[in-house]
There are 2 protein chains.
Amino acid sequence: MNITEALNWRYATKRMNGHKIPTEKLNRILDAARLAPSSYGLQPYSVLVIEDEALREKISAVAYNQPQIMEASHLLVFAAMDSVDTHFVEEFIDLTALERGISADSMEDYKNTIIGAVNSFATNEERFHWAAKQAYISLGTTIAAAAAEQVDASPMEGFDPKELDILLGLKERGLRSVLLLPLGYRNTNADWLAGMKKVRWPRDKMFIRFPRASSPA
Amino acid sequence: MNITEALNWRYATKRMNGHKIPTEKLNRILDAARLAPSSYGLQPYSVLVIEDEALREKISAVAYNQPQIMEASHLLVFAAMDSVDTHFVEEFIDLTALERGISADSMEDYKNTIIGAVNSFATNEERFHWAAKQAYISLGTTIAAAAAEQVDASPMEGFDPKELDILLGLKERGLRSVLLLPLGYRNTNADWLAGMKKVRWPRDKMFIRFPRASSPA
């Protein structure tokens, strides 16, 4: 099954069956979250990997009791950094220098470019949106990897982020929750959406081509 | 090559060699952009697919003359809807009803839920950020698909969106550019980044697990 077929196979699973994802499969899916590209490669987000049932019950209560939260094998929470700062960029430069066996000093210009960029936002909220967008790229690669592994994934924005941040202690970590992603296996019998045709805008609406596709004669 | 290997293989290609992506391969990559999930399935974005060289020269001028723009096979521009409105939701409901062979009337409650959601943002800018985030998910699945097809992809936020919107006539379409994605093939000899080690935060920083992983004895 190629990736297009896998993305066609997946859908926003509303009901899951509680079966557990084998550890190696889960780790490959998490690797896809970690390998996603991001602005300057900064990866200004974390992913919470939640199996704990008691904690999931509390999360469910601030997420409209959507059943996937309890029925998933694992619940991922994507959380973006509230306020990427100079210190974080310095840490990133140190990591890059270490990994590539070069000196951090040789990256001084590049470091200053990134520091300039992360301090260029008009408001802290704009900076947070930028960090959140990077987490959304990671969601995209994670969903593609899950589909390729025939694991269901149901991205959810429907929850109370402030309450969830308190529940998970995210503020203390400089993070804010942006997305939930239950991972698991569809319960076809219970799910009204299973078997429904996938709906997407037609290609000629979604894609705008230059040069324009020539009209048929 | 599985998807994790493909994501490890890819990198933010700075120099490409101008080779053309075969049409079928390109179409599979574009399908991954179109099959990405989005909030309520609305897909509030378009993807411009640009081969036209004269147009790419103009784009290059508002994007710091980054060489991938001309050296790519195709340049994608992800553009999010500036102002998702009630009319757009109605169009989406009509499409869904048509595709699934049900009546739009039977989706009245669902339609009103979505209309309530898209009108719930405090400002139009907040609504635009939400639409842009959906486009970033699509970027993530597109990059995963490109990597699986051994096609290089280099996401870029470094351009002047206002100038680019004018150049591409996006305002008239109710769109704003959010990301560039040159697709093509790496020019390993010319690219300083080719062969450099990929840098990512260690797993124990990126992932926060509940229950916490037990410490080794």
# chains A, B, ... in the order shown; residues from 1 in each chain; ligands from 1
>>> residues_around(residues="stretch 16-27 of chain A", least_positions_apart="4", cutoff="6 Å", atoms="only C-alpha atoms", output="PyMOL selection string")
chain A and resi 68+71-73+185-187
>>> select_by_dssp(residues="stretch 157-200 of chain B", states="strand (DSSP E or B)", output="list in words")
Leu175, Arg176, Ser177, Val178, Leu179, Leu180, Leu181, Pro182, Leu183, Gly184 and Arg186 of chain B
>>> write_last_selection(atoms="C-alpha atoms", output="PDB file, in the first residue's frame")
ATOM      1  CA  LEU B 175      -6.446  33.367  -0.330  1.00  0.00           C
ATOM      2  CA  ARG B 176      -3.172  34.316   1.373  1.00  0.00           C
ATOM      3  CA  SER B 177       0.136  32.536   0.774  1.00  0.00           C
ATOM      4  CA  VAL B 178       1.584  30.742   3.808  1.00  0.00           C
ATOM      5  CA  LEU B 179       4.288  28.363   2.571  1.00  0.00           C
ATOM      6  CA  LEU B 180       6.465  27.587  -0.438  1.00  0.00           C
ATOM      7  CA  LEU B 181       7.401  24.007  -1.239  1.00  0.00           C
ATOM      8  CA  PRO B 182       9.844  23.461  -4.102  1.00  0.00           C
ATOM      9  CA  LEU B 183       9.691  19.822  -5.275  1.00  0.00           C
ATOM     10  CA  GLY B 184      12.536  18.304  -7.219  1.00  0.00           C
ATOM     11  CA  ARG B 186      18.870  17.369  -4.792  1.00  0.00           C
TER      12      ARG B 186
END
>>> interface_residues(of="chain A", to="chain B", cutoff="7 Å", atoms="only C-alpha atoms", output="MDAnalysis selection string")
chainID A and resid 3:4 7:8 28 31:32 34:35 46:52 96 99:100 133 136:141 144:145 197 199:200 206:211
>>> select_by_dssp(residues="stretch 14-163 of chain B", states="alpha helix (DSSP H)", output="JSON, numbers by chain")
{"B": [23, 24, 25, 26, 27, 28, 29, 30, 31, 32, 33, 34, 35, 53, 54, 55, 56, 57, 58, 59, 60, 61, 68, 69, 70, 71, 86, 87, 88, 89, 90, 91, 92, 93, 94, 95, 96, 97, 98, 99, 100, 108, 109, 110, 111, 112, 113, 114, 115, 116, 117, 118, 124, 125, 126, 127, 128, 129, 130, 131, 132, 133, 134, 135, 136, 137, 138, 139, 140, 141, 142, 143, 144, 145, 146, 147, 148, 161, 162, 163]}
>>> residues_around(residues="B:Asn189", least_positions_apart="3", cutoff="12 Å", atoms="only C-alpha atoms", output="PDB file with all heavy atoms, in the first residue's frame")
ATOM      1  N   THR B  13      16.402  20.588   1.274  1.00  0.00           N
ATOM      2  CA  THR B  13      17.274  20.712   0.106  1.00  0.00           C
ATOM      3  C   THR B  13      17.452  22.186  -0.307  1.00  0.00           C
ATOM      4  O   THR B  13      16.486  22.885  -0.577  1.00  0.00           O
ATOM      5  CB  THR B  13      16.662  19.921  -1.065  1.00  0.00           C
ATOM      6  OG1 THR B  13      16.224  18.659  -0.562  1.00  0.00           O
ATOM      7  CG2 THR B  13      17.666  19.718  -2.170  1.00  0.00           C
ATOM      8  N   LYS B  14      18.699  22.626  -0.310  1.00  0.00           N
ATOM      9  CA  LYS B  14      18.976  24.030  -0.658  1.00  0.00           C
ATOM     10  C   LYS B  14      19.258  24.208  -2.140  1.00  0.00           C
ATOM     11  O   LYS B  14      19.099  25.303  -2.673  1.00  0.00           O
ATOM     12  CB  LYS B  14      20.180  24.541   0.134  1.00  0.00           C
ATOM     13  CG  LYS B  14      20.049  24.415   1.649  1.00  0.00           C
ATOM     14  CD  LYS B  14      18.901  25.227   2.193  1.00  0.00           C
ATOM     15  CE  LYS B  14      18.755  25.038   3.710  1.00  0.00           C
ATOM     16  NZ  LYS B  14      17.432  25.470   4.186  1.00  0.00           N
ATOM     17  N   ARG B  15      19.776  23.153  -2.782  1.00  0.00           N
ATOM     18  CA  ARG B  15      20.081  23.224  -4.219  1.00  0.00           C
ATOM     19  C   ARG B  15      19.492  22.000  -4.923  1.00  0.00           C
ATOM     20  O   ARG B  15      19.667  20.868  -4.451  1.00  0.00           O
ATOM     21  CB  ARG B  15      21.611  23.281  -4.447  1.00  0.00           C
ATOM     22  CG  ARG B  15      22.305  24.481  -3.817  1.00  0.00           C
ATOM     23  CD  ARG B  15      21.838  25.821  -4.390  1.00  0.00           C
ATOM     24  NE  ARG B  15      22.032  25.926  -5.834  1.00  0.00           N
ATOM     25  CZ  ARG B  15      23.138  26.400  -6.406  1.00  0.00           C
ATOM     26  NH1 ARG B  15      24.162  26.810  -5.648  1.00  0.00           N
ATOM     27  NH2 ARG B  15      23.235  26.466  -7.725  1.00  0.00           N
ATOM     28  N   MET B  16      18.811  22.265  -6.026  1.00  0.00           N
ATOM     29  CA  MET B  16      18.220  21.183  -6.816  1.00  0.00           C
ATOM     30  C   MET B  16      18.821  21.200  -8.215  1.00  0.00           C
ATOM     31  O   MET B  16      19.503  22.156  -8.601  1.00  0.00           O
ATOM     32  CB  MET B  16      16.700  21.335  -6.836  1.00  0.00           C
ATOM     33  CG  MET B  16      16.066  21.161  -5.455  1.00  0.00           C
ATOM     34  SD  MET B  16      14.252  21.276  -5.494  1.00  0.00           S
ATOM     35  CE  MET B  16      13.863  20.835  -3.786  1.00  0.00           C
ATOM     36  N   ASN B  17      18.566  20.117  -8.978  1.00  0.00           N
ATOM     37  CA  ASN B  17      19.260  19.974 -10.261  1.00  0.00           C
ATOM     38  C   ASN B  17      18.373  20.199 -11.487  1.00  0.00           C
ATOM     39  O   ASN B  17      18.794  19.929 -12.613  1.00  0.00           O
ATOM     40  CB  ASN B  17      19.944  18.600 -10.333  1.00  0.00           C
ATOM     41  CG  ASN B  17      18.930  17.463 -10.292  1.00  0.00           C
ATOM     42  OD1 ASN B  17      17.732  17.701 -10.442  1.00  0.00           O
ATOM     43  ND2 ASN B  17      19.410  16.247 -10.071  1.00  0.00           N
ATOM     44  N   ARG B 186      17.683  16.737  -5.395  1.00  0.00           N
ATOM     45  CA  ARG B 186      18.870  17.369  -4.792  1.00  0.00           C
ATOM     46  C   ARG B 186      20.060  17.420  -5.754  1.00  0.00           C
ATOM     47  O   ARG B 186      20.294  16.502  -6.516  1.00  0.00           O
ATOM     48  CB  ARG B 186      19.261  16.618  -3.521  1.00  0.00           C
ATOM     49  CG  ARG B 186      19.647  15.182  -3.724  1.00  0.00           C
ATOM     50  CD  ARG B 186      19.836  14.423  -2.403  1.00  0.00           C
ATOM     51  NE  ARG B 186      18.573  14.281  -1.661  1.00  0.00           N
ATOM     52  CZ  ARG B 186      18.448  13.603  -0.523  1.00  0.00           C
ATOM     53  NH1 ARG B 186      19.513  13.008   0.019  1.00  0.00           N
ATOM     54  NH2 ARG B 186      17.280  13.503   0.080  1.00  0.00           N
ATOM     55  N   TRP B 192      25.534  22.676   0.330  1.00  0.00           N
ATOM     56  CA  TRP B 192      26.348  22.547   1.545  1.00  0.00           C
ATOM     57  C   TRP B 192      25.654  21.683   2.608  1.00  0.00           C
ATOM     58  O   TRP B 192      26.293  21.070   3.452  1.00  0.00           O
ATOM     59  CB  TRP B 192      26.666  23.931   2.139  1.00  0.00           C
ATOM     60  CG  TRP B 192      25.446  24.681   2.630  1.00  0.00           C
ATOM     61  CD1 TRP B 192      24.686  25.554   1.908  1.00  0.00           C
ATOM     62  CD2 TRP B 192      24.840  24.619   3.921  1.00  0.00           C
ATOM     63  NE1 TRP B 192      23.644  26.031   2.669  1.00  0.00           N
ATOM     64  CE2 TRP B 192      23.712  25.478   3.913  1.00  0.00           C
ATOM     65  CE3 TRP B 192      25.135  23.920   5.106  1.00  0.00           C
ATOM     66  CZ2 TRP B 192      22.886  25.665   5.020  1.00  0.00           C
ATOM     67  CZ3 TRP B 192      24.308  24.108   6.217  1.00  0.00           C
ATOM     68  CH2 TRP B 192      23.192  24.973   6.163  1.00  0.00           C
ATOM     69  N   LEU B 193      24.311  21.628   2.548  1.00  0.00           N
ATOM     70  CA  LEU B 193      23.589  20.898   3.585  1.00  0.00           C
ATOM     71  C   LEU B 193      23.496  19.401   3.288  1.00  0.00           C
ATOM     72  O   LEU B 193      23.246  18.595   4.189  1.00  0.00           O
ATOM     73  CB  LEU B 193      22.189  21.502   3.762  1.00  0.00           C
ATOM     74  CG  LEU B 193      21.398  21.095   5.009  1.00  0.00           C
ATOM     75  CD1 LEU B 193      22.154  21.381   6.293  1.00  0.00           C
ATOM     76  CD2 LEU B 193      20.043  21.801   5.044  1.00  0.00           C
ATOM     77  N   ALA B 194      23.737  19.040   2.013  1.00  0.00           N
ATOM     78  CA  ALA B 194      23.666  17.613   1.651  1.00  0.00           C
ATOM     79  C   ALA B 194      24.735  16.855   2.437  1.00  0.00           C
ATOM     80  O   ALA B 194      25.879  17.288   2.524  1.00  0.00           O
ATOM     81  CB  ALA B 194      23.892  17.449   0.152  1.00  0.00           C
ATOM     82  N   GLY B 195      24.357  15.757   3.024  1.00  0.00           N
ATOM     83  CA  GLY B 195      25.334  14.953   3.758  1.00  0.00           C
ATOM     84  C   GLY B 195      25.535  15.391   5.193  1.00  0.00           C
ATOM     85  O   GLY B 195      26.193  14.692   5.972  1.00  0.00           O
TER      86      GLY B 195
END
>>> atom_distance(atom1="atom CA of B:Ile115", atom2="atom CA of B:Ala80")
17.8 Å
>>> atom_distance(atom1="atom CA of A:Glu108", atom2="atom CA of B:Asn65")
22.7 Å
>>> closest_residue(among="A:Asn119, A:Ala190, A:Glu163, A:Asn112", to="A:Ala63", atoms="only C-alpha atoms")
A:Glu163
>>> residues_around(residues="B:Leu164", least_positions_apart="4", cutoff="7 Å", atoms="only C-alpha atoms", output="PyMOL selection string")
chain B and resi 59+62+160+168
>>> residues_around(residues="B:Asp82", least_positions_apart="5", cutoff="8 Å", atoms="only C-alpha atoms", output="list in words")
Asn124, Arg127, Phe128, Ala131, Gly174, Leu175 and Arg176 of chain B
>>> write_last_selection(atoms="all heavy atoms", output="PDB file, in the first residue's frame")
ATOM      1  N   ASN B 124     -10.614  38.305  12.666  1.00  0.00           N
ATOM      2  CA  ASN B 124     -10.429  37.638  11.382  1.00  0.00           C
ATOM      3  C   ASN B 124      -9.024  37.047  11.274  1.00  0.00           C
ATOM      4  O   ASN B 124      -8.819  36.012  10.649  1.00  0.00           O
ATOM      5  CB  ASN B 124     -10.679  38.600  10.225  1.00  0.00           C
ATOM      6  CG  ASN B 124     -10.888  37.839   8.927  1.00  0.00           C
ATOM      7  OD1 ASN B 124     -11.729  36.943   8.865  1.00  0.00           O
ATOM      8  ND2 ASN B 124     -10.088  38.139   7.923  1.00  0.00           N
ATOM      9  N   ARG B 127      -8.996  33.666  12.733  1.00  0.00           N
ATOM     10  CA  ARG B 127      -9.615  32.712  11.805  1.00  0.00           C
ATOM     11  C   ARG B 127      -8.647  32.339  10.693  1.00  0.00           C
ATOM     12  O   ARG B 127      -8.566  31.179  10.284  1.00  0.00           O
ATOM     13  CB  ARG B 127     -10.894  33.323  11.225  1.00  0.00           C
ATOM     14  CG  ARG B 127     -11.534  32.453  10.164  1.00  0.00           C
ATOM     15  CD  ARG B 127     -13.004  32.759   9.959  1.00  0.00           C
ATOM     16  NE  ARG B 127     -13.241  34.191   9.867  1.00  0.00           N
ATOM     17  CZ  ARG B 127     -14.432  34.739   9.745  1.00  0.00           C
ATOM     18  NH1 ARG B 127     -15.504  33.979   9.718  1.00  0.00           N
ATOM     19  NH2 ARG B 127     -14.573  36.035   9.661  1.00  0.00           N
ATOM     20  N   PHE B 128      -7.897  33.332  10.218  1.00  0.00           N
ATOM     21  CA  PHE B 128      -6.895  33.046   9.188  1.00  0.00           C
ATOM     22  C   PHE B 128      -5.816  32.092   9.729  1.00  0.00           C
ATOM     23  O   PHE B 128      -5.394  31.158   9.044  1.00  0.00           O
ATOM     24  CB  PHE B 128      -6.264  34.342   8.676  1.00  0.00           C
ATOM     25  CG  PHE B 128      -5.057  34.102   7.826  1.00  0.00           C
ATOM     26  CD1 PHE B 128      -5.178  33.493   6.580  1.00  0.00           C
ATOM     27  CD2 PHE B 128      -3.791  34.450   8.282  1.00  0.00           C
ATOM     28  CE1 PHE B 128      -4.056  33.243   5.802  1.00  0.00           C
ATOM     29  CE2 PHE B 128      -2.669  34.200   7.500  1.00  0.00           C
ATOM     30  CZ  PHE B 128      -2.805  33.602   6.265  1.00  0.00           C
ATOM     31  N   ALA B 131      -7.108  28.621   9.605  1.00  0.00           N
ATOM     32  CA  ALA B 131      -7.094  28.081   8.230  1.00  0.00           C
ATOM     33  C   ALA B 131      -5.666  27.742   7.807  1.00  0.00           C
ATOM     34  O   ALA B 131      -5.415  26.684   7.200  1.00  0.00           O
ATOM     35  CB  ALA B 131      -7.720  29.082   7.259  1.00  0.00           C
ATOM     36  N   GLY B 174      -9.570  35.172  -2.435  1.00  0.00           N
ATOM     37  CA  GLY B 174      -9.821  35.005  -1.004  1.00  0.00           C
ATOM     38  C   GLY B 174      -8.755  34.191  -0.301  1.00  0.00           C
ATOM     39  O   GLY B 174      -8.999  33.586   0.738  1.00  0.00           O
ATOM     40  N   LEU B 175      -7.534  34.188  -0.874  1.00  0.00           N
ATOM     41  CA  LEU B 175      -6.446  33.367  -0.330  1.00  0.00           C
ATOM     42  C   LEU B 175      -5.275  34.228   0.097  1.00  0.00           C
ATOM     43  O   LEU B 175      -5.106  35.351  -0.393  1.00  0.00           O
ATOM     44  CB  LEU B 175      -5.967  32.377  -1.396  1.00  0.00           C
ATOM     45  CG  LEU B 175      -6.959  31.301  -1.850  1.00  0.00           C
ATOM     46  CD1 LEU B 175      -6.455  30.618  -3.121  1.00  0.00           C
ATOM     47  CD2 LEU B 175      -7.169  30.267  -0.739  1.00  0.00           C
ATOM     48  N   ARG B 176      -4.446  33.691   1.006  1.00  0.00           N
ATOM     49  CA  ARG B 176      -3.172  34.316   1.373  1.00  0.00           C
ATOM     50  C   ARG B 176      -2.092  33.230   1.409  1.00  0.00           C
ATOM     51  O   ARG B 176      -2.297  32.159   1.973  1.00  0.00           O
ATOM     52  CB  ARG B 176      -3.279  34.982   2.756  1.00  0.00           C
ATOM     53  CG  ARG B 176      -4.120  36.250   2.745  1.00  0.00           C
ATOM     54  CD  ARG B 176      -4.570  36.652   4.126  1.00  0.00           C
ATOM     55  NE  ARG B 176      -3.457  37.006   5.012  1.00  0.00           N
ATOM     56  CZ  ARG B 176      -3.615  37.368   6.295  1.00  0.00           C
ATOM     57  NH1 ARG B 176      -4.830  37.431   6.831  1.00  0.00           N
ATOM     58  NH2 ARG B 176      -2.583  37.676   7.033  1.00  0.00           N
TER      59      ARG B 176
END
>>> residues_around(residues="B:Asp94", least_positions_apart="5", cutoff="9 Å", atoms="only C-alpha atoms", output="PyMOL selection string")
chain B and resi 89+99+103-104
>>> decode(residues="stretch 17-36 of chain A", atoms="N, CA, C and O atoms", output="PDB file, in the first residue's frame")
ATOM      1  N   ASN A  17     -11.407   0.457  19.119  1.00  0.00           N
ATOM      2  CA  ASN A  17     -11.744  -0.796  19.810  1.00  0.00           C
ATOM      3  C   ASN A  17     -10.835  -1.131  20.992  1.00  0.00           C
ATOM      4  O   ASN A  17     -10.921  -2.226  21.543  1.00  0.00           O
ATOM      5  N   GLY A  18      -9.976  -0.209  21.343  1.00  0.00           N
ATOM      6  CA  GLY A  18      -9.145  -0.428  22.532  1.00  0.00           C
ATOM      7  C   GLY A  18      -7.922  -1.300  22.324  1.00  0.00           C
ATOM      8  O   GLY A  18      -7.089  -1.429  23.221  1.00  0.00           O
ATOM      9  N   HIS A  19      -7.772  -1.893  21.145  1.00  0.00           N
ATOM     10  CA  HIS A  19      -6.592  -2.749  20.920  1.00  0.00           C
ATOM     11  C   HIS A  19      -5.313  -1.914  21.004  1.00  0.00           C
ATOM     12  O   HIS A  19      -5.299  -0.740  20.664  1.00  0.00           O
ATOM     13  N   LYS A  20      -4.259  -2.574  21.459  1.00  0.00           N
ATOM     14  CA  LYS A  20      -2.992  -1.874  21.679  1.00  0.00           C
ATOM     15  C   LYS A  20      -2.093  -1.924  20.440  1.00  0.00           C
ATOM     16  O   LYS A  20      -2.006  -2.955  19.764  1.00  0.00           O
ATOM     17  N   ILE A  21      -1.428  -0.826  20.185  1.00  0.00           N
ATOM     18  CA  ILE A  21      -0.450  -0.758  19.096  1.00  0.00           C
ATOM     19  C   ILE A  21       0.856  -1.386  19.588  1.00  0.00           C
ATOM     20  O   ILE A  21       1.354  -1.000  20.655  1.00  0.00           O
ATOM     21  N   PRO A  22       1.414  -2.338  18.824  1.00  0.00           N
ATOM     22  CA  PRO A  22       2.707  -2.911  19.234  1.00  0.00           C
ATOM     23  C   PRO A  22       3.764  -1.814  19.390  1.00  0.00           C
ATOM     24  O   PRO A  22       3.767  -0.831  18.628  1.00  0.00           O
ATOM     25  N   THR A  23       4.636  -1.980  20.364  1.00  0.00           N
ATOM     26  CA  THR A  23       5.612  -0.944  20.711  1.00  0.00           C
ATOM     27  C   THR A  23       6.453  -0.480  19.521  1.00  0.00           C
ATOM     28  O   THR A  23       6.640   0.724  19.322  1.00  0.00           O
ATOM     29  N   GLU A  24       6.926  -1.424  18.710  1.00  0.00           N
ATOM     30  CA  GLU A  24       7.799  -1.022  17.593  1.00  0.00           C
ATOM     31  C   GLU A  24       7.056  -0.171  16.572  1.00  0.00           C
ATOM     32  O   GLU A  24       7.604   0.768  16.005  1.00  0.00           O
ATOM     33  N   LYS A  25       5.795  -0.523  16.354  1.00  0.00           N
ATOM     34  CA  LYS A  25       4.964   0.230  15.416  1.00  0.00           C
ATOM     35  C   LYS A  25       4.734   1.642  15.962  1.00  0.00           C
ATOM     36  O   LYS A  25       4.866   2.641  15.244  1.00  0.00           O
ATOM     37  N   LEU A  26       4.411   1.714  17.249  1.00  0.00           N
ATOM     38  CA  LEU A  26       4.197   3.028  17.871  1.00  0.00           C
ATOM     39  C   LEU A  26       5.461   3.879  17.760  1.00  0.00           C
ATOM     40  O   LEU A  26       5.396   5.069  17.443  1.00  0.00           O
ATOM     41  N   ASN A  27       6.601   3.254  17.988  1.00  0.00           N
ATOM     42  CA  ASN A  27       7.844   4.023  17.934  1.00  0.00           C
ATOM     43  C   ASN A  27       8.146   4.549  16.537  1.00  0.00           C
ATOM     44  O   ASN A  27       8.666   5.653  16.383  1.00  0.00           O
ATOM     45  N   ARG A  28       7.785   3.762  15.513  1.00  0.00           N
ATOM     46  CA  ARG A  28       7.982   4.267  14.140  1.00  0.00           C
ATOM     47  C   ARG A  28       7.071   5.461  13.869  1.00  0.00           C
ATOM     48  O   ARG A  28       7.473   6.424  13.219  1.00  0.00           O
ATOM     49  N   ILE A  29       5.846   5.402  14.407  1.00  0.00           N
ATOM     50  CA  ILE A  29       4.919   6.528  14.213  1.00  0.00           C
ATOM     51  C   ILE A  29       5.450   7.773  14.938  1.00  0.00           C
ATOM     52  O   ILE A  29       5.447   8.884  14.399  1.00  0.00           O
ATOM     53  N   LEU A  30       5.948   7.574  16.161  1.00  0.00           N
ATOM     54  CA  LEU A  30       6.502   8.707  16.914  1.00  0.00           C
ATOM     55  C   LEU A  30       7.739   9.274  16.213  1.00  0.00           C
ATOM     56  O   LEU A  30       7.961  10.488  16.222  1.00  0.00           O
ATOM     57  N   ASP A  31       8.523   8.387  15.599  1.00  0.00           N
ATOM     58  CA  ASP A  31       9.690   8.881  14.850  1.00  0.00           C
ATOM     59  C   ASP A  31       9.260   9.845  13.748  1.00  0.00           C
ATOM     60  O   ASP A  31       9.957  10.821  13.458  1.00  0.00           O
ATOM     61  N   ALA A  32       8.114   9.565  13.139  1.00  0.00           N
ATOM     62  CA  ALA A  32       7.627  10.463  12.070  1.00  0.00           C
ATOM     63  C   ALA A  32       7.260  11.833  12.636  1.00  0.00           C
ATOM     64  O   ALA A  32       7.415  12.857  11.965  1.00  0.00           O
ATOM     65  N   ALA A  33       6.779  11.864  13.875  1.00  0.00           N
ATOM     66  CA  ALA A  33       6.502  13.159  14.526  1.00  0.00           C
ATOM     67  C   ALA A  33       7.805  13.918  14.734  1.00  0.00           C
ATOM     68  O   ALA A  33       7.882  15.138  14.548  1.00  0.00           O
ATOM     69  N   ARG A  34       8.831  13.188  15.121  1.00  0.00           N
ATOM     70  CA  ARG A  34      10.114  13.801  15.460  1.00  0.00           C
ATOM     71  C   ARG A  34      10.910  14.198  14.221  1.00  0.00           C
ATOM     72  O   ARG A  34      11.710  15.144  14.259  1.00  0.00           O
ATOM     73  N   LEU A  35      10.707  13.488  13.119  1.00  0.00           N
ATOM     74  CA  LEU A  35      11.479  13.764  11.899  1.00  0.00           C
ATOM     75  C   LEU A  35      10.843  14.844  11.031  1.00  0.00           C
ATOM     76  O   LEU A  35      11.409  15.252  10.020  1.00  0.00           O
ATOM     77  N   ALA A  36       9.679  15.332  11.411  1.00  0.00           N
ATOM     78  CA  ALA A  36       9.008  16.370  10.618  1.00  0.00           C
ATOM     79  C   ALA A  36       9.904  17.595  10.491  1.00  0.00           C
ATOM     80  O   ALA A  36      10.630  17.938  11.426  1.00  0.00           O
TER      81      ALA A  36
END
